[in-house]
file input13.pdb (PDB, C-alpha atoms)
ATOM      1  CA  THR A 962      93.076 -23.121  43.736
ATOM      2  CA  GLY A 963      90.462 -23.039  46.493
ATOM      3  CA  VAL A 964      89.348 -21.403  49.689
ATOM      4  CA  GLU A 965      91.294 -21.617  52.910
ATOM      5  CA  LEU A 966      89.608 -20.870  56.205
ATOM      6  CA  THR A 967      92.122 -20.759  59.008
ATOM      7  CA  SER A 968      90.693 -18.426  61.617
ATOM      8  CA  LEU A 969      89.329 -20.210  64.671
ATOM      9  CA  GLY A 970      85.858 -19.249  65.802
ATOM     10  CA  THR A 971      84.848 -18.031  62.351
ATOM     11  CA  ASN A 972      81.405 -19.021  61.111
ATOM     12  CA  VAL A 973      80.828 -19.869  57.490
ATOM     13  CA  ALA A 974      77.275 -20.058  56.232
ATOM     14  CA  LEU A 975      75.742 -20.754  52.859
ATOM     15  CA  ARG A 976      72.653 -18.676  52.201
ATOM     16  CA  LYS A 977      70.573 -19.224  49.119
ATOM     17  CA  LYS A 978      68.855 -16.522  47.129
ATOM     18  CA  VAL A 979      65.212 -16.270  48.198
ATOM     19  CA  ILE A 980      62.431 -15.369  45.775
ATOM     20  CA  SER A 981      59.041 -14.726  47.433
ATOM     21  CA  LEU A 982      55.898 -14.602  45.349
ATOM     22  CA  THR A 983      53.304 -12.691  47.350
ATOM     23  CA  GLY A 984      50.113 -10.822  46.587
ATOM     24  CA  ALA A 985      46.875 -11.853  44.951
ATOM     25  CA  ASP A 986      48.147 -12.979  41.549
ATOM     26  CA  ALA A 987      51.855 -13.571  42.022
ATOM     27  CA  ALA A 988      53.892 -14.949  39.128
ATOM     28  CA  GLN A 989      57.599 -15.202  38.412
ATOM     29  CA  THR A 990      59.662 -16.462  35.496
ATOM     30  CA  LEU A 991      63.003 -17.763  36.722
ATOM     31  CA  THR A 992      66.244 -17.238  34.789
ATOM     32  CA  ALA A 993      69.532 -19.088  34.576
ATOM     33  CA  LYS A 994      70.874 -16.660  37.227
ATOM     34  CA  ASP A 995      68.254 -17.935  39.694
ATOM     35  CA  SER A 996      69.979 -21.314  40.011
ATOM     36  CA  GLY A 997      70.185 -22.397  43.642
ATOM     37  CA  SER A 998      67.270 -20.198  44.707
ATOM     38  CA  VAL A 999      64.568 -21.030  47.192
ATOM     39  CA  VAL A1000      61.207 -19.904  45.812
ATOM     40  CA  PHE A1001      58.388 -19.328  48.303
ATOM     41  CA  LEU A1002      54.927 -19.443  46.732
ATOM     42  CA  ALA A1003      53.169 -17.229  49.242
ATOM     43  CA  GLY A1004      50.436 -15.465  47.308
ATOM     44  CA  SER A1005      46.957 -15.043  48.763
ATOM     45  CA  ASN A1006      45.765 -16.760  45.566
ATOM     46  CA  ALA A1007      47.598 -19.433  43.590
ATOM     47  CA  SER A1008      51.068 -18.333  42.475
ATOM     48  CA  THR A1009      52.795 -19.484  39.286
ATOM     49  CA  VAL A1010      56.522 -20.002  38.888
ATOM     50  CA  THR A1011      57.797 -20.586  35.361
ATOM     51  CA  LEU A1012      61.114 -22.360  35.014
ATOM     52  CA  PRO A1013      63.805 -20.907  32.747
ATOM     53  CA  ASP A1014      64.461 -22.217  29.262
ATOM     54  CA  HIS A1015      66.169 -25.563  29.865
ATOM     55  CA  GLU A1016      68.977 -24.865  27.394
ATOM     56  CA  ALA A1017      69.702 -21.455  28.929
ATOM     57  CA  ALA A1018      69.543 -22.959  32.423
ATOM     58  CA  GLY A1019      71.929 -25.748  31.452
ATOM     59  CA  THR A1020      73.129 -28.810  33.275
ATOM     60  CA  GLY A1021      73.204 -28.349  37.037
ATOM     61  CA  TRP A1022      70.652 -25.537  37.310
ATOM     62  CA  PHE A1023      68.468 -26.174  40.376
ATOM     63  CA  CYS A1024      65.923 -24.651  42.702
ATOM     64  CA  THR A1025      63.691 -25.515  45.626
ATOM     65  CA  ILE A1026      60.053 -24.437  45.554
ATOM     66  CA  ILE A1027      58.083 -24.279  48.817
ATOM     67  CA  ALA A1028      54.399 -23.535  49.316
ATOM     68  CA  GLY A1029      54.151 -20.654  51.760
ATOM     69  CA  THR A1030      50.348 -20.649  51.536
ATOM     70  CA  ALA A1031      47.835 -23.446  51.005
ATOM     71  CA  GLN A1032      46.883 -22.502  47.432
ATOM     72  CA  ALA A1033      46.832 -24.467  44.159
ATOM     73  CA  HIS A1034      50.251 -23.098  43.164
ATOM     74  CA  VAL A1035      51.651 -23.949  39.723
ATOM     75  CA  VAL A1036      55.119 -24.862  38.460
ATOM     76  CA  ASP A1037      55.356 -24.493  34.676
ATOM     77  CA  THR A1038      58.062 -25.098  32.064
ATOM     78  CA  GLY A1039      56.481 -22.503  29.768
ATOM     79  CA  ASP A1040      55.639 -24.752  26.842
ATOM     80  CA  ASP A1041      57.814 -27.863  27.013
ATOM     81  CA  ASN A1042      56.823 -31.305  28.311
ATOM     82  CA  ILE A1043      60.163 -31.796  30.086
ATOM     83  CA  LEU A1044      59.249 -32.367  33.739
ATOM     84  CA  GLN A1045      60.380 -35.847  34.814
ATOM     85  CA  GLY A1046      60.498 -37.439  38.246
ATOM     86  CA  TYR A1047      58.343 -38.424  41.207
ATOM     87  CA  MET A1048      55.876 -37.107  43.752
ATOM     88  CA  LEU A1049      55.711 -38.485  47.258
ATOM     89  CA  ASP A1050      52.483 -37.481  48.948
ATOM     90  CA  ALA A1051      50.218 -38.253  51.881
ATOM     91  CA  SER A1052      47.007 -38.577  49.815
ATOM     92  CA  ASN A1053      45.560 -35.671  51.835
ATOM     93  CA  GLY A1054      45.629 -37.983  54.840
ATOM     94  CA  THR A1055      48.085 -40.574  56.119
ATOM     95  CA  THR A1056      48.550 -42.992  53.210
ATOM     96  CA  ILE A1057      51.862 -42.450  51.422
ATOM     97  CA  VAL A1058      51.678 -42.592  47.627
ATOM     98  CA  VAL A1059      54.396 -42.402  44.986
ATOM     99  CA  ALA A1060      53.340 -40.992  41.615
ATOM    100  CA  GLN A1061      55.519 -40.698  38.539
ATOM    101  CA  ILE A1062      55.992 -37.481  36.570
ATOM    102  CA  THR A1063      56.730 -38.285  32.923
ATOM    103  CA  SER A1064      57.053 -35.679  30.156
ATOM    104  CA  GLN A1065      54.817 -33.043  31.736
ATOM    105  CA  GLN A1066      54.655 -29.249  31.396
ATOM    106  CA  LYS A1067      52.841 -28.219  34.602
ATOM    107  CA  ILE A1068      52.481 -29.281  38.191
ATOM    108  CA  THR A1069      49.498 -27.831  40.080
ATOM    109  CA  LEU A1070      49.272 -28.473  43.811
ATOM    110  CA  ALA A1071      46.106 -30.285  44.919
ATOM    111  CA  ASN A1072      44.821 -30.032  48.508
ATOM    112  CA  PRO A1073      48.007 -28.113  49.252
ATOM    113  CA  LYS A1074      49.504 -27.552  52.661
ATOM    114  CA  ILE A1075      52.012 -24.947  53.724
ATOM    115  CA  GLY A1076      55.398 -26.614  53.365
ATOM    116  CA  ASP A1077      54.680 -28.632  50.213
ATOM    117  CA  ARG A1078      58.111 -28.833  48.582
ATOM    118  CA  ILE A1079      59.379 -29.357  45.032
ATOM    119  CA  GLU A1080      63.066 -29.894  44.268
ATOM    120  CA  ILE A1081      64.049 -29.355  40.622
ATOM    121  CA  ILE A1082      67.356 -29.907  38.810
ATOM    122  CA  CYS A1083      68.094 -29.485  35.106
ATOM    123  CA  ASP A1084      70.263 -31.764  32.974
ATOM    124  CA  GLY A1085      70.202 -29.345  30.036
ATOM    125  CA  THR A1086      67.346 -31.254  28.369
ATOM    126  CA  ASN A1087      64.836 -32.027  31.138
ATOM    127  CA  PHE A1088      63.909 -30.754  34.571
ATOM    128  CA  HIS A1089      64.055 -33.588  37.110
ATOM    129  CA  VAL A1090      61.583 -33.264  39.972
ATOM    130  CA  LEU A1091      61.214 -34.711  43.439
ATOM    131  CA  ALA A1092      58.090 -33.372  45.132
ATOM    132  CA  THR A1093      57.026 -33.972  48.733
ATOM    133  CA  LEU A1094      53.370 -32.994  48.951
ATOM    134  CA  ASN A1095      50.203 -33.281  50.986
ATOM    135  CA  ASP A1096      48.289 -34.739  48.029
ATOM    136  CA  THR A1097      49.020 -35.925  44.498
ATOM    137  CA  ALA A1098      49.433 -32.865  42.295
ATOM    138  CA  THR A1099      47.626 -32.398  39.003
ATOM    139  CA  LEU A1100      49.895 -32.771  35.984
ATOM    140  CA  ALA A1101      49.379 -31.261  32.515
ATOM    141  CA  THR A1102      51.091 -31.347  29.137
ATOM    142  CA  SER A1103      51.257 -28.585  26.539
TER     143      SER A1103
END

call {"tool": "encode", "arguments": {"input": "input13.pdb", "output": "C-alpha cells"}}
result
Amino acid sequence: TGVELTSLGTNVALRKKVISLTGADAAQTLTAKDSGSVVFLAGSNASTVTLPDHEAAGTGWFCTIIAGTAQAHVVDTGDDNILQGYMLDASNGTTIVVAQITSQQKITLANPKIGDRIEIICDGTNFHVLATLNDTATLATS
C-alpha cells in the first residue's frame, strides 16, 4: 500500500535519469520510458532532442531540458504542431519578456546561454512548455 521508512539516519534521494547529448552533431529521440529525465544539450554544435510520440508518451510524461553549451539547440515534436506554453526570457540583456508558444513543432534557442531551461509535460494530446531562456527562442511549425 506504500513505502515505509522507519530507520533513523537513513537518507532517501530521488535521482532522475540523465541523458547527455555531446559531440559535434548530437541528436536524441526520447521515448515514453524517458519520462522524468533531465536532458543536457551539451554538443559542441547545436543538439536536437525529439520528443516522443505524444500518444505513446501519454498523460503525465515529462522531462527537463537544459542547455549545457551555448548553441542554438533544438527541441522538436517530430512533425506535430503540439507545443503549447510560454517562454520567459531576458531579451539577451536585462529586460524580462513573456512570449507565448501556440501550436508549434520546434523551439530553437536564440542567443543561448548555458543553463537555458525548458520544462515539458504531456497531456496525451499536447506538450506543455515553460521555458526560462536568455533570449526569445525561434519557433517553427511543420

call {"tool": "atom_distance", "arguments": {"input": "input13.pdb", "atom1": "atom CA of Leu982 of chain A", "atom2": "atom CA of Asp995 of chain A"}}
result
14.0 Å

call {"tool": "residues_around", "arguments": {"input": "input13.pdb", "residues": "Met1048 of chain A", "least_positions_apart": "4", "cutoff": "12 Å", "atoms": "all atoms listed in the file", "output": "ChimeraX atom specification"}}
result
/A:1044,1052,1057-1063,1068-1071,1077-1081,1089-1100

call {"tool": "atom_distance", "arguments": {"input": "input13.pdb", "atom1": "atom CA of Ile1026 of chain A", "atom2": "atom CA of Thr1102 of chain A"}}
result
19.9 Å

call {"tool": "atom_distance", "arguments": {"input": "input13.pdb", "atom1": "atom CA of Phe1088 of chain A", "atom2": "atom CA of Asn1053 of chain A"}}
result
25.7 Å

call {"tool": "resolve_selection", "arguments": {"input": "input13.pdb", "expression": "the PyMOL selection byres ((chain A and resi 1083) around 6)", "output": "PyMOL selection string"}}
result
chain A and resi 1020-1022+1082+1084-1085+1087-1088

call {"tool": "closest_residue", "arguments": {"input": "input13.pdb", "among": "A:Cys1024, A:Gly1019, A:Thr1056, A:Gln1032", "to": "Ser998 of chain A", "atoms": "all atoms listed in the file"}}
result
A:Cys1024

call {"tool": "closest_residue", "arguments": {"input": "input13.pdb", "among": "A:Ser1064, A:Thr983, A:Gln989, A:Asn1006", "to": "Val1036 of chain A", "atoms": "only C-alpha atoms"}}
result
A:Gln989

call {"tool": "residues_around", "arguments": {"input": "input13.pdb", "residues": "segment 1007-1009 of chain A", "least_positions_apart": "2", "cutoff": "6 Å", "atoms": "all atoms listed in the file", "output": "list in words"}}
result
Ala987, Ala988, Leu1002, Gly1004, Gln1032, Ala1033, His1034, Val1035 and Val1036 of chain A

call {"tool": "closest_residue", "arguments": {"input": "input13.pdb", "among": "A:Val979, A:Leu1049, A:Ala1101, A:Ala993", "to": "Glu1016 of chain A", "atoms": "all atoms listed in the file"}}
result
A:Ala993

call {"tool": "decode", "arguments": {"input": "input13.pdb", "residues": "segment 1022-1066 of chain A", "atoms": "N, CA and C atoms", "output": "short mmCIF file (atom, residue, chain, number, x, y, z; two decimals), in the first residue's frame"}}
result
data_model
loop_
_atom_site.label_atom_id
_atom_site.label_comp_id
_atom_site.auth_asym_id
_atom_site.auth_seq_id
_atom_site.Cartn_x
_atom_site.Cartn_y
_atom_site.Cartn_z
N TRP A 1022 3.65 12.32 -18.94
CA TRP A 1022 5.05 12.22 -19.37
C TRP A 1022 5.68 13.60 -19.22
N PHE A 1023 6.93 13.64 -18.73
CA PHE A 1023 7.60 14.95 -18.57
C PHE A 1023 9.10 14.81 -18.68
N CYS A 1024 9.74 15.93 -18.96
CA CYS A 1024 11.20 15.99 -18.96
C CYS A 1024 11.64 17.43 -18.74
N THR A 1025 12.90 17.57 -18.38
CA THR A 1025 13.54 18.88 -18.25
C THR A 1025 14.71 18.88 -19.22
N ILE A 1026 14.79 19.94 -20.02
CA ILE A 1026 15.88 20.07 -20.99
C ILE A 1026 16.72 21.28 -20.59
N ILE A 1027 18.04 21.08 -20.50
CA ILE A 1027 18.94 22.14 -20.06
C ILE A 1027 20.07 22.29 -21.07
N ALA A 1028 20.33 23.53 -21.46
CA ALA A 1028 21.45 23.81 -22.36
C ALA A 1028 22.75 23.70 -21.58
N GLY A 1029 23.58 22.75 -21.98
CA GLY A 1029 24.89 22.58 -21.36
C GLY A 1029 25.98 23.32 -22.11
N THR A 1030 25.65 23.79 -23.32
CA THR A 1030 26.55 24.63 -24.11
C THR A 1030 25.71 25.73 -24.73
N ALA A 1031 26.35 26.81 -25.10
CA ALA A 1031 25.66 27.98 -25.67
C ALA A 1031 25.53 27.82 -27.18
N GLN A 1032 24.71 26.87 -27.59
CA GLN A 1032 24.46 26.59 -29.02
C GLN A 1032 22.97 26.78 -29.31
N ALA A 1033 22.62 26.88 -30.57
CA ALA A 1033 21.22 27.02 -30.99
C ALA A 1033 20.55 25.64 -30.97
N HIS A 1034 20.44 25.06 -29.79
CA HIS A 1034 19.84 23.73 -29.62
C HIS A 1034 18.37 23.75 -30.03
N VAL A 1035 17.86 22.55 -30.41
CA VAL A 1035 16.50 22.44 -30.93
C VAL A 1035 15.73 21.40 -30.14
N VAL A 1036 14.48 21.72 -29.82
CA VAL A 1036 13.51 20.77 -29.28
C VAL A 1036 12.44 20.62 -30.35
N ASP A 1037 12.14 19.37 -30.73
CA ASP A 1037 11.27 19.09 -31.86
C ASP A 1037 10.24 18.03 -31.48
N THR A 1038 9.02 18.19 -31.97
CA THR A 1038 7.99 17.16 -31.74
C THR A 1038 8.04 16.09 -32.82
N GLY A 1039 8.85 16.26 -33.83
CA GLY A 1039 8.92 15.31 -34.94
C GLY A 1039 8.18 15.83 -36.14
N ASP A 1040 6.85 15.95 -36.03
CA ASP A 1040 6.09 16.51 -37.15
C ASP A 1040 4.74 17.08 -36.73
N ASP A 1041 4.51 17.20 -35.44
CA ASP A 1041 3.23 17.71 -34.95
C ASP A 1041 3.38 19.11 -34.37
N ASN A 1042 2.39 19.95 -34.61
CA ASN A 1042 2.36 21.31 -34.05
C ASN A 1042 1.63 21.27 -32.71
N ILE A 1043 2.27 20.65 -31.71
CA ILE A 1043 1.59 20.41 -30.43
C ILE A 1043 2.36 20.95 -29.23
N LEU A 1044 3.28 21.89 -29.48
CA LEU A 1044 3.94 22.57 -28.36
C LEU A 1044 3.08 23.77 -27.98
N GLN A 1045 2.74 23.85 -26.70
CA GLN A 1045 1.91 24.94 -26.17
C GLN A 1045 2.59 25.46 -24.90
N GLY A 1046 2.47 26.74 -24.63
CA GLY A 1046 3.01 27.23 -23.36
C GLY A 1046 3.58 28.62 -23.45
N TYR A 1047 4.66 28.85 -22.68
CA TYR A 1047 5.26 30.18 -22.55
C TYR A 1047 6.77 30.10 -22.46
N MET A 1048 7.40 31.19 -22.90
CA MET A 1048 8.83 31.41 -22.69
C MET A 1048 8.98 32.65 -21.83
N LEU A 1049 9.81 32.56 -20.84
CA LEU A 1049 10.23 33.72 -20.07
C LEU A 1049 11.69 33.93 -20.42
N ASP A 1050 12.04 35.13 -20.89
CA ASP A 1050 13.44 35.33 -21.27
C ASP A 1050 13.90 36.73 -20.93
N ALA A 1051 15.22 36.90 -20.97
CA ALA A 1051 15.85 38.17 -20.59
C ALA A 1051 16.19 39.04 -21.80
N SER A 1052 15.65 38.73 -22.96
CA SER A 1052 15.88 39.52 -24.18
C SER A 1052 17.36 39.72 -24.47
N ASN A 1053 18.18 38.72 -24.13
CA ASN A 1053 19.63 38.80 -24.30
C ASN A 1053 20.21 40.01 -23.57
N GLY A 1054 19.58 40.36 -22.47
CA GLY A 1054 20.03 41.52 -21.69
C GLY A 1054 19.41 41.45 -20.30
N THR A 1055 18.65 42.49 -19.95
CA THR A 1055 18.06 42.54 -18.61
C THR A 1055 16.55 42.79 -18.63
N THR A 1056 15.95 42.90 -19.80
CA THR A 1056 14.52 43.14 -19.89
C THR A 1056 13.79 41.80 -19.98
N ILE A 1057 12.91 41.54 -19.02
CA ILE A 1057 12.18 40.28 -19.00
C ILE A 1057 10.99 40.35 -19.96
N VAL A 1058 10.87 39.30 -20.78
CA VAL A 1058 9.81 39.21 -21.77
C VAL A 1058 9.09 37.88 -21.60
N VAL A 1059 7.78 37.90 -21.81
CA VAL A 1059 7.00 36.67 -21.82
C VAL A 1059 6.48 36.50 -23.24
N ALA A 1060 6.74 35.34 -23.83
CA ALA A 1060 6.27 35.06 -25.19
C ALA A 1060 5.47 33.76 -25.17
N GLN A 1061 4.37 33.76 -25.88
CA GLN A 1061 3.50 32.59 -25.93
C GLN A 1061 3.99 31.58 -26.97
N ILE A 1062 3.80 30.31 -26.67
CA ILE A 1062 4.06 29.22 -27.61
C ILE A 1062 2.71 28.59 -27.91
N THR A 1063 2.25 28.71 -29.15
CA THR A 1063 0.93 28.20 -29.53
C THR A 1063 1.05 27.33 -30.77
N SER A 1064 0.72 26.07 -30.64
CA SER A 1064 0.68 25.11 -31.76
C SER A 1064 1.94 25.17 -32.61
N GLN A 1065 3.07 24.88 -31.98
CA GLN A 1065 4.36 24.89 -32.67
C GLN A 1065 4.95 23.49 -32.71
N GLN A 1066 5.88 23.27 -33.65
CA GLN A 1066 6.59 21.99 -33.75
C GLN A 1066 7.98 22.07 -33.14
#
